[in-house]
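Asks: start19.pdb is reproduced below (PDB, C-alpha atoms).
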```
ATOM      1  CA  MET S   1       6.555 159.824  76.000
ATOM      2  CA  THR S   2       4.504 157.626  73.719
ATOM      3  CA  ALA S   3       1.559 155.520  74.830
ATOM      4  CA  THR S   4       3.484 152.308  74.085
ATOM      5  CA  ALA S   5       6.337 153.303  76.390
ATOM      6  CA  VAL S   6       3.924 154.234  79.166
ATOM      7  CA  ARG S   7       2.233 150.843  78.966
ATOM      8  CA  ALA S   8       5.607 149.031  79.034
ATOM      9  CA  ILE S   9       6.745 150.930  82.150
ATOM     10  CA  GLY S  10       3.414 150.273  83.853
ATOM     11  CA  GLY S  11       3.590 146.550  83.087
ATOM     12  CA  ALA S  12       7.120 146.303  84.495
ATOM     13  CA  ALA S  13       6.096 148.086  87.671
ATOM     14  CA  ALA S  14       3.140 145.762  88.160
ATOM     15  CA  LEU S  15       5.353 142.716  87.634
ATOM     16  CA  CYS S  16       7.831 143.922  90.253
ATOM     17  CA  SER S  17       4.989 144.527  92.684
ATOM     18  CA  ARG S  18       3.682 140.951  92.234
ATOM     19  CA  VAL S  19       7.138 139.473  92.785
ATOM     20  CA  ARG S  20       7.668 141.511  95.989
ATOM     21  CA  SER S  21       4.252 140.509  97.329
ATOM     22  CA  GLY S  22       4.894 136.807  96.696
ATOM     23  CA  ARG S  23       1.928 136.406  94.361
ATOM     24  CA  TRP S  24       4.138 135.213  91.508
ATOM     25  CA  VAL S  25       7.562 133.542  91.579
ATOM     26  CA  LYS S  26       9.288 131.804  88.709
ATOM     27  CA  SER S  27       9.195 128.034  89.267
ATOM     28  CA  ARG S  28      12.431 126.203  90.085
ATOM     29  CA  PRO S  29      13.137 122.515  90.552
ATOM     30  CA  PRO S  30      12.658 121.544  94.188
ATOM     31  CA  VAL S  31      15.742 120.946  96.263
ATOM     32  CA  PRO S  32      15.690 117.373  97.602
ATOM     33  CA  VAL S  33      15.539 116.815 101.312
ATOM     34  CA  LEU S  34      18.263 114.392 102.273
ATOM     35  CA  ARG S  35      17.280 112.171 105.150
ATOM     36  CA  PRO S  36      19.623 109.768 106.944
ATOM     37  CA  SER S  37      19.400 106.286 105.461
ATOM     38  CA  VAL S  38      19.840 102.963 107.134
ATOM     39  CA  GLY S  39      23.312 102.698 105.652
ATOM     40  CA  ALA S  40      24.310 106.120 106.974
ATOM     41  CA  LYS S  41      23.079 105.256 110.459
ATOM     42  CA  ARG S  42      25.285 102.168 110.398
ATOM     43  CA  GLY S  43      28.359 104.163 109.492
ATOM     44  CA  TRP S  44      28.734 103.280 105.854
ATOM     45  CA  ALA S  45      30.126 105.810 103.439
ATOM     46  CA  THR S  46      28.164 108.472 101.612
ATOM     47  CA  SER S  47      28.106 109.187  97.887
ATOM     48  CA  PRO S  48      27.535 112.372  95.853
ATOM     49  CA  SER S  49      23.900 113.135  95.064
ATOM     50  CA  VAL S  50      22.643 114.091  91.612
ATOM     51  CA  TYR S  51      22.756 117.741  92.712
ATOM     52  CA  GLY S  52      26.483 117.627  93.335
ATOM     53  CA  ARG S  53      26.305 117.526  97.118
ATOM     54  CA  ARG S  54      27.563 114.933  99.510
ATOM     55  CA  GLY S  55      24.600 113.028 100.868
ATOM     56  CA  PRO S  56      23.982 109.812 102.779
ATOM     57  CA  SER S  57      23.538 106.685 100.680
ATOM     58  CA  PRO S  58      22.564 103.119 101.482
ATOM     59  CA  ALA S  59      25.099 100.375 102.044
ATOM     60  CA  ARG S  60      27.270  99.987  99.015
ATOM     61  CA  ALA S  61      29.770  97.540  97.637
ATOM     62  CA  GLU S  62      33.332  98.613  98.004
ATOM     63  CA  SER S  63      35.283  99.626  94.947
ATOM     64  CA  GLN S  64      37.711  97.066  93.598
ATOM     65  CA  GLU S  65      40.567  98.970  95.267
ATOM     66  CA  GLU S  66      38.820  98.630  98.624
ATOM     67  CA  LEU S  67      37.777  94.996  98.171
ATOM     68  CA  TYR S  68      41.041  93.562  96.843
ATOM     69  CA  PRO S  69      44.349  94.038  98.681
ATOM     70  CA  ALA S  70      46.684  96.527  96.990
ATOM     71  CA  PRO S  71      48.162  96.465  94.421
ATOM     72  CA  GLY S  72      45.776  93.736  93.228
ATOM     73  CA  TRP S  73      48.044  91.002  91.904
ATOM     74  CA  PRO S  74      46.235  87.901  90.571
ATOM     75  CA  TRP S  75      47.088  86.001  93.750
ATOM     76  CA  GLN S  76      45.727  88.713  96.060
ATOM     77  CA  TYR S  77      42.128  88.089  97.095
ATOM     78  CA  PRO S  78      39.774  89.590  99.676
ATOM     79  CA  ALA S  79      39.594  88.149 103.163
ATOM     80  CA  ALA S  80      37.262  85.192 103.568
ATOM     81  CA  LYS S  81      33.647  86.315 103.767
ATOM     82  CA  PRO S  82      31.488  85.141 106.676
ATOM     83  CA  GLY S  83      30.023  81.692 106.157
ATOM     84  CA  THR S  84      32.552  80.570 103.524
ATOM     85  CA  THR S  85      34.864  77.574 103.620
ATOM     86  CA  LEU S  86      38.295  77.094 102.011
ATOM     87  CA  ALA S  87      38.507  80.707 100.813
ATOM     88  CA  ASP S  88      42.319  80.744 100.964
ATOM     89  CA  TRP S  89      44.124  82.798  98.341
ATOM     90  CA  TRP S  90      45.819  79.810  96.685
ATOM     91  CA  PHE S  91      42.563  77.898  96.366
ATOM     92  CA  LEU S  92      40.770  80.906  94.912
ATOM     93  CA  TRP S  93      43.631  81.378  92.449
ATOM     94  CA  ILE S  94      43.276  77.765  91.235
ATOM     95  CA  THR S  95      39.514  78.220  90.941
ATOM     96  CA  GLN S  96      39.914  81.393  88.909
ATOM     97  CA  ALA S  97      42.459  79.753  86.595
ATOM     98  CA  ALA S  98      40.102  76.802  86.089
ATOM     99  CA  HIS S  99      37.332  79.194  85.043
ATOM    100  CA  TYR S 100      39.516  80.685  82.346
ATOM    101  CA  GLY S 101      40.477  77.159  81.331
ATOM    102  CA  ILE S 102      36.884  76.657  80.146
ATOM    103  CA  PHE S 103      37.425  79.290  77.465
ATOM    104  CA  VAL S 104      40.542  77.463  76.274
ATOM    105  CA  SER S 105      38.791  74.076  76.106
ATOM    106  CA  GLN S 106      35.798  75.451  74.197
ATOM    107  CA  LEU S 107      37.919  77.337  71.678
ATOM    108  CA  ALA S 108      40.053  74.216  71.196
ATOM    109  CA  LEU S 109      36.852  72.254  70.611
ATOM    110  CA  ALA S 110      35.632  74.835  68.090
ATOM    111  CA  TYR S 111      38.882  74.443  66.148
ATOM    112  CA  ARG S 112      38.620  70.648  66.155
ATOM    113  CA  VAL S 113      35.005  70.822  64.950
ATOM    114  CA  TYR S 114      36.158  73.193  62.193
ATOM    115  CA  GLU S 115      38.700  70.604  61.051
ATOM    116  CA  VAL S 116      36.412  67.569  61.400
ATOM    117  CA  VAL S 117      33.451  69.019  59.473
ATOM    118  CA  GLN S 118      35.662  69.052  56.391
ATOM    119  CA  LEU S 119      35.851  65.243  56.418
ATOM    120  CA  PRO S 120      33.492  63.738  53.787
ATOM    121  CA  ALA S 121      31.556  61.531  56.207
ATOM    122  CA  VAL S 122      31.022  64.366  58.693
ATOM    123  CA  ALA S 123      30.258  66.920  55.998
ATOM    124  CA  ALA S 124      27.499  64.662  54.673
ATOM    125  CA  ALA S 125      25.949  64.452  58.140
ATOM    126  CA  THR S 126      26.273  68.167  58.959
ATOM    127  CA  ALA S 127      23.668  70.403  57.347
ATOM    128  CA  LEU S 128      25.136  73.774  58.368
ATOM    129  CA  PRO S 129      28.753  73.314  59.520
ATOM    130  CA  PHE S 130      29.250  76.969  60.476
ATOM    131  CA  TRP S 131      26.671  76.738  63.263
ATOM    132  CA  ALA S 132      28.179  73.505  64.553
ATOM    133  CA  ILE S 133      31.445  75.422  64.961
ATOM    134  CA  MET S 134      29.655  78.308  66.689
ATOM    135  CA  CYS S 135      28.247  76.010  69.398
ATOM    136  CA  PRO S 136      31.441  75.797  71.510
ATOM    137  CA  VAL S 137      32.203  79.456  70.766
ATOM    138  CA  PHE S 138      28.908  80.525  72.300
ATOM    139  CA  GLN S 139      29.420  78.098  75.179
ATOM    140  CA  ALA S 140      32.605  80.010  75.931
ATOM    141  CA  LEU S 141      30.780  83.339  75.665
ATOM    142  CA  ALA S 142      28.141  82.089  78.113
ATOM    143  CA  GLY S 143      30.807  81.889  80.808
ATOM    144  CA  PHE S 144      31.563  85.619  80.786
ATOM    145  CA  GLY S 145      28.506  86.444  82.921
ATOM    146  CA  PRO S 146      29.518  84.200  85.854
ATOM    147  CA  VAL S 147      33.197  85.178  85.483
ATOM    148  CA  LEU S 148      32.296  88.865  85.722
ATOM    149  CA  MET S 149      30.185  88.114  88.803
ATOM    150  CA  HIS S 150      33.034  86.177  90.447
ATOM    151  CA  GLU S 151      35.560  88.922  89.677
ATOM    152  CA  TYR S 152      33.271  91.516  91.221
ATOM    153  CA  GLU S 153      32.800  89.414  94.356
ATOM    154  CA  GLY S 154      36.393  88.348  94.915
ATOM    155  CA  TRP S 155      35.971  84.809  93.519
ATOM    156  CA  GLN S 156      34.180  83.617  96.628
ATOM    157  CA  ILE S 157      30.787  81.947  96.672
ATOM    158  CA  ALA S 158      29.273  83.386  99.839
ATOM    159  CA  PRO S 159      25.816  84.022 101.298
ATOM    160  CA  PHE S 160      23.756  86.277  99.041
ATOM    161  CA  ARG S 161      21.857  89.374 100.122
ATOM    162  CA  GLU S 162      19.527  91.764  98.333
ATOM    163  CA  PRO S 163      21.063  95.201  97.658
ATOM    164  CA  PRO S 164      22.200  97.338  99.329
ATOM    165  CA  VAL S 165      24.915  94.945 100.435
ATOM    166  CA  ASN S 166      28.403  95.291 101.826
ATOM    167  CA  ASN S 167      30.491  93.376  99.312
ATOM    168  CA  SER S 168      33.126  92.274 101.819
ATOM    169  CA  ALA S 169      30.449  90.569 103.942
ATOM    170  CA  ALA S 170      28.103  88.991 101.371
ATOM    171  CA  ASN S 171      27.424  88.628  97.662
ATOM    172  CA  ASN S 172      24.880  90.510  95.589
ATOM    173  CA  GLN S 173      21.666  88.579  94.914
ATOM    174  CA  GLN S 174      20.597  90.782  91.989
ATOM    175  CA  LEU S 175      23.980  90.350  90.336
ATOM    176  CA  ARG S 176      23.645  86.581  90.716
ATOM    177  CA  GLU S 177      20.203  86.630  89.086
ATOM    178  CA  ALA S 178      21.544  88.638  86.136
ATOM    179  CA  ALA S 179      24.545  86.313  85.724
ATOM    180  CA  PHE S 180      22.366  83.189  85.787
ATOM    181  CA  ARG S 181      19.965  84.667  83.252
ATOM    182  CA  VAL S 182      22.793  85.484  80.834
ATOM    183  CA  LEU S 183      24.382  82.070  81.410
ATOM    184  CA  PHE S 184      21.216  80.131  80.595
ATOM    185  CA  GLN S 185      20.387  82.370  77.657
ATOM    186  CA  TRP S 186      23.730  81.900  75.952
ATOM    187  CA  GLN S 187      23.990  78.215  76.839
ATOM    188  CA  GLY S 188      20.562  77.734  75.273
ATOM    189  CA  ILE S 189      21.696  79.565  72.141
ATOM    190  CA  ALA S 190      24.851  77.440  71.976
ATOM    191  CA  ALA S 191      22.848  74.208  72.313
ATOM    192  CA  ALA S 192      20.447  75.388  69.615
ATOM    193  CA  PHE S 193      23.399  76.120  67.309
ATOM    194  CA  ALA S 194      24.592  72.522  67.696
ATOM    195  CA  ALA S 195      21.201  71.211  66.577
ATOM    196  CA  LEU S 196      21.041  73.790  63.788
ATOM    197  CA  GLY S 197      24.485  72.795  62.533
ATOM    198  CA  VAL S 198      23.708  69.092  62.388
ATOM    199  CA  PHE S 199      20.023  69.000  61.421
ATOM    200  CA  GLY S 200      19.573  72.293  59.569
ATOM    201  CA  LEU S 201      16.195  73.893  58.895
ATOM    202  CA  ASP S 202      14.766  71.790  56.076
ATOM    203  CA  SER S 203      13.579  68.764  58.045
ATOM    204  CA  TRP S 204      14.345  66.842  61.208
ATOM    205  CA  THR S 205      14.278  63.084  61.585
ATOM    206  CA  LEU S 206      14.308  62.230  65.270
ATOM    207  CA  PHE S 207      13.292  58.982  66.949
ATOM    208  CA  GLY S 208      11.810  57.663  63.719
ATOM    209  CA  ARG S 209       9.687  60.740  63.025
ATOM    210  CA  THR S 210      10.289  63.408  60.381
ATOM    211  CA  PHE S 211       9.473  67.043  61.052
ATOM    212  CA  ALA S 212       9.391  68.940  57.755
ATOM    213  CA  ALA S 213       9.747  72.669  57.176
ATOM    214  CA  PRO S 214       8.672  75.097  58.508
ATOM    215  CA  ILE S 215       8.471  73.265  61.873
ATOM    216  CA  PRO S 216      12.250  73.469  62.568
ATOM    217  CA  LEU S 217      12.309  77.189  61.805
ATOM    218  CA  ILE S 218       9.273  77.833  64.011
ATOM    219  CA  VAL S 219      10.858  75.926  66.896
ATOM    220  CA  TYR S 220      14.043  77.990  66.622
ATOM    221  CA  LEU S 221      12.255  81.321  66.387
ATOM    222  CA  VAL S 222       9.964  80.576  69.330
ATOM    223  CA  GLY S 223      12.919  79.374  71.419
ATOM    224  CA  LEU S 224      15.009  82.444  70.625
ATOM    225  CA  ALA S 225      12.075  84.731  71.372
ATOM    226  CA  LEU S 226      11.562  83.143  74.792
ATOM    227  CA  LEU S 227      15.269  83.285  75.613
ATOM    228  CA  TYR S 228      15.725  86.927  74.670
ATOM    229  CA  PHE S 229      12.310  88.516  75.132
ATOM    230  CA  GLY S 230      10.795  86.387  77.871
ATOM    231  CA  PRO S 231      10.002  88.140  81.171
ATOM    232  CA  ARG S 232      12.641  88.280  83.859
ATOM    233  CA  PHE S 233      10.121  87.349  86.517
ATOM    234  CA  PRO S 234       9.119  85.161  88.198
ATOM    235  CA  THR S 235      12.513  83.804  89.124
ATOM    236  CA  LEU S 236      12.601  80.176  90.178
ATOM    237  CA  LEU S 237      14.521  79.638  93.395
ATOM    238  CA  PHE S 238      15.230  76.057  94.414
ATOM    239  CA  ASP S 239      15.852  74.775  97.943
ATOM    240  CA  PRO S 240      18.074  71.687  97.502
ATOM    241  CA  SER S 241      17.641  70.603 101.126
ATOM    242  CA  LYS S 242      14.079  69.470 100.351
ATOM    243  CA  PHE S 243      15.446  66.779  98.034
ATOM    244  CA  PHE S 244      18.959  66.372  99.435
ATOM    245  CA  PRO S 245      18.766  66.565 103.246
ATOM    246  CA  PHE S 246      22.552  66.699 103.572
ATOM    247  CA  LEU S 247      22.594  70.167 101.940
ATOM    248  CA  PRO S 248      21.786  73.351 103.881
ATOM    249  CA  ALA S 249      18.455  75.089 103.369
ATOM    250  CA  ASN S 250      19.401  77.910 100.999
ATOM    251  CA  ARG S 251      17.572  79.215  97.960
ATOM    252  CA  VAL S 252      19.656  78.651  94.842
ATOM    253  CA  PHE S 253      19.402  78.539  91.051
ATOM    254  CA  PRO S 254      17.701  81.910  90.380
ATOM    255  CA  VAL S 255      16.671  81.291  86.762
ATOM    256  CA  PRO S 256      13.704  83.081  85.105
ATOM    257  CA  ALA S 257      10.811  80.719  84.477
ATOM    258  CA  SER S 258      10.592  81.863  80.846
ATOM    259  CA  VAL S 259      14.166  80.720  80.135
ATOM    260  CA  LEU S 260      13.956  77.136  81.407
ATOM    261  CA  PRO S 261      11.564  75.621  78.768
ATOM    262  CA  PRO S 262      13.560  76.746  75.694
ATOM    263  CA  PHE S 263      16.791  75.846  77.488
ATOM    264  CA  ALA S 264      15.519  72.308  78.185
ATOM    265  CA  VAL S 265      14.349  71.832  74.584
ATOM    266  CA  ALA S 266      17.656  73.167  73.244
ATOM    267  CA  THR S 267      19.567  70.775  75.526
ATOM    268  CA  LEU S 268      17.634  67.812  74.121
ATOM    269  CA  GLY S 269      18.416  69.030  70.609
ATOM    270  CA  TYR S 270      22.061  69.384  71.616
ATOM    271  CA  ALA S 271      22.170  65.793  72.872
ATOM    272  CA  ALA S 272      20.630  64.486  69.634
ATOM    273  CA  ALA S 273      23.035  66.589  67.546
ATOM    274  CA  GLN S 274      26.032  65.236  69.471
ATOM    275  CA  ALA S 275      24.848  61.667  68.939
ATOM    276  CA  TYR S 276      24.615  62.073  65.170
ATOM    277  CA  PHE S 277      27.744  64.213  64.883
ATOM    278  CA  TYR S 278      30.004  61.798  66.757
ATOM    279  CA  GLY S 279      28.337  58.885  65.012
ATOM    280  CA  ALA S 280      29.392  60.376  61.681
ATOM    281  CA  ALA S 281      32.873  61.305  62.945
ATOM    282  CA  LEU S 282      33.661  58.005  64.672
ATOM    283  CA  GLY S 283      31.516  55.666  62.566
ATOM    284  CA  GLY S 284      28.917  53.153  63.657
ATOM    285  CA  GLY S 285      25.729  55.225  63.656
ATOM    286  CA  PRO S 286      24.390  57.633  66.274
ATOM    287  CA  ARG S 287      26.334  57.457  69.518
ATOM    288  CA  TRP S 288      23.535  58.006  72.039
ATOM    289  CA  GLY S 289      25.528  56.723  74.989
ATOM    290  CA  LEU S 290      28.455  58.988  74.157
ATOM    291  CA  ALA S 291      26.160  61.996  73.714
ATOM    292  CA  ALA S 292      24.477  61.269  77.045
ATOM    293  CA  GLY S 293      27.875  61.055  78.722
ATOM    294  CA  ILE S 294      28.902  64.456  77.343
ATOM    295  CA  VAL S 295      25.663  66.041  78.522
ATOM    296  CA  VAL S 296      25.879  64.437  81.971
ATOM    297  CA  VAL S 297      29.470  65.599  82.548
ATOM    298  CA  ASN S 298      28.536  69.183  81.711
ATOM    299  CA  LEU S 299      25.342  69.040  83.765
ATOM    300  CA  LEU S 300      27.292  67.741  86.752
ATOM    301  CA  GLY S 301      29.446  70.846  86.609
ATOM    302  CA  GLY S 302      26.359  73.048  86.594
ATOM    303  CA  VAL S 303      24.718  71.105  89.437
ATOM    304  CA  LEU S 304      27.829  71.226  91.619
ATOM    305  CA  GLU S 305      28.126  74.988  91.277
ATOM    306  CA  GLY S 306      24.476  75.990  91.115
ATOM    307  CA  LEU S 307      23.171  73.674  93.844
ATOM    308  CA  VAL S 308      26.006  72.402  96.031
ATOM    309  CA  ALA S 309      28.556  75.253  96.037
ATOM    310  CA  GLU S 310      25.917  77.983  96.330
ATOM    311  CA  SER S 311      24.162  76.253  99.219
ATOM    312  CA  THR S 312      27.253  75.216 101.219
ATOM    313  CA  PHE S 313      29.510  78.197 100.284
ATOM    314  CA  ASN S 314      32.374  75.720 100.207
ATOM    315  CA  GLN S 315      34.909  76.760  97.576
ATOM    316  CA  PHE S 316      35.924  73.115  97.085
ATOM    317  CA  TRP S 317      32.649  72.393  95.311
ATOM    318  CA  HIS S 318      33.084  75.539  93.276
ATOM    319  CA  LEU S 319      36.389  74.200  91.977
ATOM    320  CA  MET S 320      34.980  70.711  91.377
ATOM    321  CA  ALA S 321      32.167  72.224  89.308
ATOM    322  CA  VAL S 322      34.650  73.954  87.033
ATOM    323  CA  VAL S 323      36.739  70.779  86.797
ATOM    324  CA  PHE S 324      33.729  68.926  85.384
ATOM    325  CA  LEU S 325      32.996  71.749  82.947
ATOM    326  CA  ASN S 326      36.590  71.647  81.730
ATOM    327  CA  ALA S 327      36.429  67.853  81.485
ATOM    328  CA  GLY S 328      33.354  68.060  79.261
ATOM    329  CA  GLY S 329      35.159  70.263  76.767
ATOM    330  CA  TRP S 330      38.451  68.373  76.752
ATOM    331  CA  LEU S 331      36.615  65.042  76.476
ATOM    332  CA  GLN S 332      35.134  66.180  73.183
ATOM    333  CA  VAL S 333      38.490  67.488  71.977
ATOM    334  CA  TRP S 334      40.027  64.086  72.778
ATOM    335  CA  LEU S 335      37.245  62.236  70.921
ATOM    336  CA  LEU S 336      37.912  64.277  67.786
ATOM    337  CA  TRP S 337      41.678  64.173  68.095
ATOM    338  CA  GLY S 338      43.495  62.493  65.234
ATOM    339  CA  LEU S 339      40.487  62.206  62.885
TER     340      LEU S 339
END
```
Would you mind writing the file out in structure tokens?
Replies:
Amino acid sequence: MTATAVRAIGGAAALCSRVRSGRWVKSRPPVPVLRPSVGAKRGWATSPSVYGRRGPSPARAESQEELYPAPGWPWQYPAAKPGTTLADWWFLWITQAAHYGIFVSQLALAYRVYEVVQLPAVAAATALPFWAIMCPVFQALAGFGPVLMHEYEGWQIAPFREPPVNNSAANNQQLREAAFRVLFQWQGIAAAFAALGVFGLDSWTLFGRTFAAPIPLIVYLVGLALLYFGPRFPTLLFDPSKFFPFLPANRVFPVPASVLPPFAVATLGYAAAQAYFYGAALGGGPRWGLAAGIVVVNLLGGVLEGLVAESTFNQFWHLMAVVFLNAGGWLQVWLLWGL
């Protein structure tokens, strides 16, 4: 037997001796210790762990099959959640249909803007017509966040709780924060598109003052950066009862602080763009009163849902909010009809 073979056999024997004595063991990932959670103690279901075992999990939202009555027809809704008012199936069905009506009104408005910007007077007053058309399109897209939230929660505005939460008893606060953030982001983008379509990027003349390039471009870039890359926290929560004593004391309107400034500036630009656009379409100079009316109607819808409905949990105010939002879109379609 060669010296090399002898050394190999000796090394193997020493290795086996170390393993048997416990002085060396090949490392393995630790097996997690599953401890009963609060949810498990309260009798809620368990979910598979990452290691493929059944383990206790915190409270969870039911699946859609568990939340909605089978087989899930559009008129079948979950039972009324605690603290809600007027959560009957027929009222929720009307509310859901009204939400989808917003998409129809905004797409109809986009088509009317597409037709009107081809008129000579409007074309002369519209710097970038494509972006004026995109404004109502993005307003429609902004509604998908809240619609997804409502579909997940059974179309009921109910008391909100931090996760883990039982979805048949309350709504998800983190989901609401995400939906509001997306809503304000996309609404801000849509408002900015209206101003971009009417005023362009070369220069702005507002309230008797002219802002030459590159100021418009800088304003847009800074606003977009804040909307998309601004921090998610802190989140501003508003208690409407401090200003409106007839409303319950609930914390509403969870909007990131970084989103509100660019949203407010974009809304002012939107109002100015509407004044000049409808002034060119209808004649007679900028229509500031008309633009203010359009903005107020849309803001009323947002206030009714974000402040009143989400503090009272009364589905009537939820429907009224969507009625105002629909009215804002169809009002603009009516103004442009027949031009």
Asks: Please evaluate the PyMOL selection byres ((chain S and resi 130) around 12) against the structure above and give the resulting residues as a list in words.
Replies: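 Output from the PyMOL selection byres ((chain S and resi 130) around 12), applied to this file: Ala110, Tyr111, Val113, Tyr114, Glu115, Val116, Val117, Gln118, Ala123, Thr126, Ala127, Leu128, Pro129, Trp131, Ala132, Ile133, Met134, Cys135, Pro136, Val137, Phe193, Ala194, Ala195, Leu196, Gly197, Val198 and Gly200 of chain S.
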Asks: For a quick check of understanding, using all atoms listed in the file, which of S:Val323, S:Val147, S:Ile215, S:Ala87 has the smallest distance to Leu304 (chain S)?
Replies: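 With all atoms listed in the file as the atom set, the closest residue is S:Val323.
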Asks: Quick one: distance from CA of Ala140 (chain S) to CA of Ala191 (chain S) in Å, one decimal?
Replies: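 Rounded to one decimal, the two atoms are 11.9 Å apart.
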Asks: Neighbourhood query: residues within 12 Å of (19.3, 71.4, 75.0), file coordinates, counting all atoms listed in the file; return as a PyMOL selection string.
Replies: chain S and resi 135+184-196+220+223+259-274+291-292+295-296+298-299
Asks: Using only C-alpha atoms, which residue out of S:Leu237, S:Ala121, S:Leu221, S:Leu109 lies closest to Leu307 (chain S)?
Replies: S:Leu237
Asks: To one decimal place in Å, what is the distance between CA of Arg112 (chain S) and CA of Gly306 (chain S)?
Replies: 29.2 Å
Asks: Please evaluate the PyMOL selection byres ((chain S and resi 167-178) around 7) against the displayed coordinates and give the resulting residues as a compact mmCIF listing (two decimals) with C-alpha atoms, in the coordinates of the input.
Replies:
```txt
# COMPACT_ATOMS: atom_id res chain seq x y z
CA ALA S 61 29.77 97.54 97.64
CA GLU S 62 33.33 98.61 98.00
CA LEU S 67 37.78 95.00 98.17
CA LYS S 81 33.65 86.32 103.77
CA PRO S 82 31.49 85.14 106.68
CA MET S 149 30.18 88.11 88.80
CA GLU S 153 32.80 89.41 94.36
CA ALA S 158 29.27 83.39 99.84
CA PRO S 159 25.82 84.02 101.30
CA PHE S 160 23.76 86.28 99.04
CA ARG S 161 21.86 89.37 100.12
CA GLU S 162 19.53 91.76 98.33
CA PRO S 163 21.06 95.20 97.66
CA VAL S 165 24.92 94.94 100.44
CA ASN S 166 28.40 95.29 101.83
CA ALA S 179 24.54 86.31 85.72
CA PHE S 180 22.37 83.19 85.79
CA ARG S 181 19.96 84.67 83.25
CA VAL S 182 22.79 85.48 80.83
CA PRO S 254 17.70 81.91 90.38
CA VAL S 255 16.67 81.29 86.76
```
Asks: Which value, in Å to one decimal, gives the distance between CA of Leu319 (chain S) and CA of Phe238 (chain S)?
Replies: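 Taking CA of Leu319 (chain S) as the start and CA of Phe238 (chain S) as the end point, the length is 21.4 Å.
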Asks: With distances taken over all atoms listed in the file, which residue among S:Phe229, S:Tyr68, S:Tyr100, S:Phe244 lies nearest Leu325 (chain S)?
Replies: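 Closest candidate: S:Tyr100.
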Asks: Which is closest to Trp89 (chain S) among S:Arg232, S:Gln315, S:Phe246, S:Arg209, if we use only C-alpha atoms?
Replies: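 Of S:Arg232, S:Gln315, S:Phe246, S:Arg209, the one nearest Trp89 (chain S) is S:Gln315, counting only C-alpha atoms.
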Asks: Which of these residues is nearest to Thr95 (chain S), using all atoms listed in the file: S:Gln64, S:Thr205, S:Asn326, S:Gln139?
Replies: S:Asn326
Asks: Return the single residue from S:Tyr278, S:Phe103, S:Phe243, S:Phe199 that is closest to Phe138 (chain S), with distances computed using only C-alpha atoms.
Replies: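 Looking only at the distances to Phe138 (chain S), the closest residue turns out to be S:Phe103.
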Asks: Near Trp330 (chain S), within 10 Å and counting all atoms listed in the file, which residues show up once chain neighbours fewer than 5 positions away are dropped, as a list of chain:residue names?
Replies: S:Ile102, S:Val104, S:Ser105, S:Gln106, S:Ala108, S:Leu109, S:Phe324, S:Leu325, S:Leu335, S:Leu336
Asks: Starting from the shown file, work through the PyMOL selection byres ((chain S and resi 91) around 12) and note down what comes out as a ChimeraX atom specification.
Replies: /S:75-77,80,85-90,92-98,155-156,314-320
Asks: Can you tell me, as JSON, the centre and edge lengths (Å, one decimal) of the axis-aligned box enclosing all of region 242-255 of chain S's listed atoms after padding each side by 6 Å?
Replies:
```
{"center_x": 18.3, "center_y": 74.1, "center_z": 95.3, "size_x": 20.5, "size_y": 27.5, "size_z": 29.1}
```
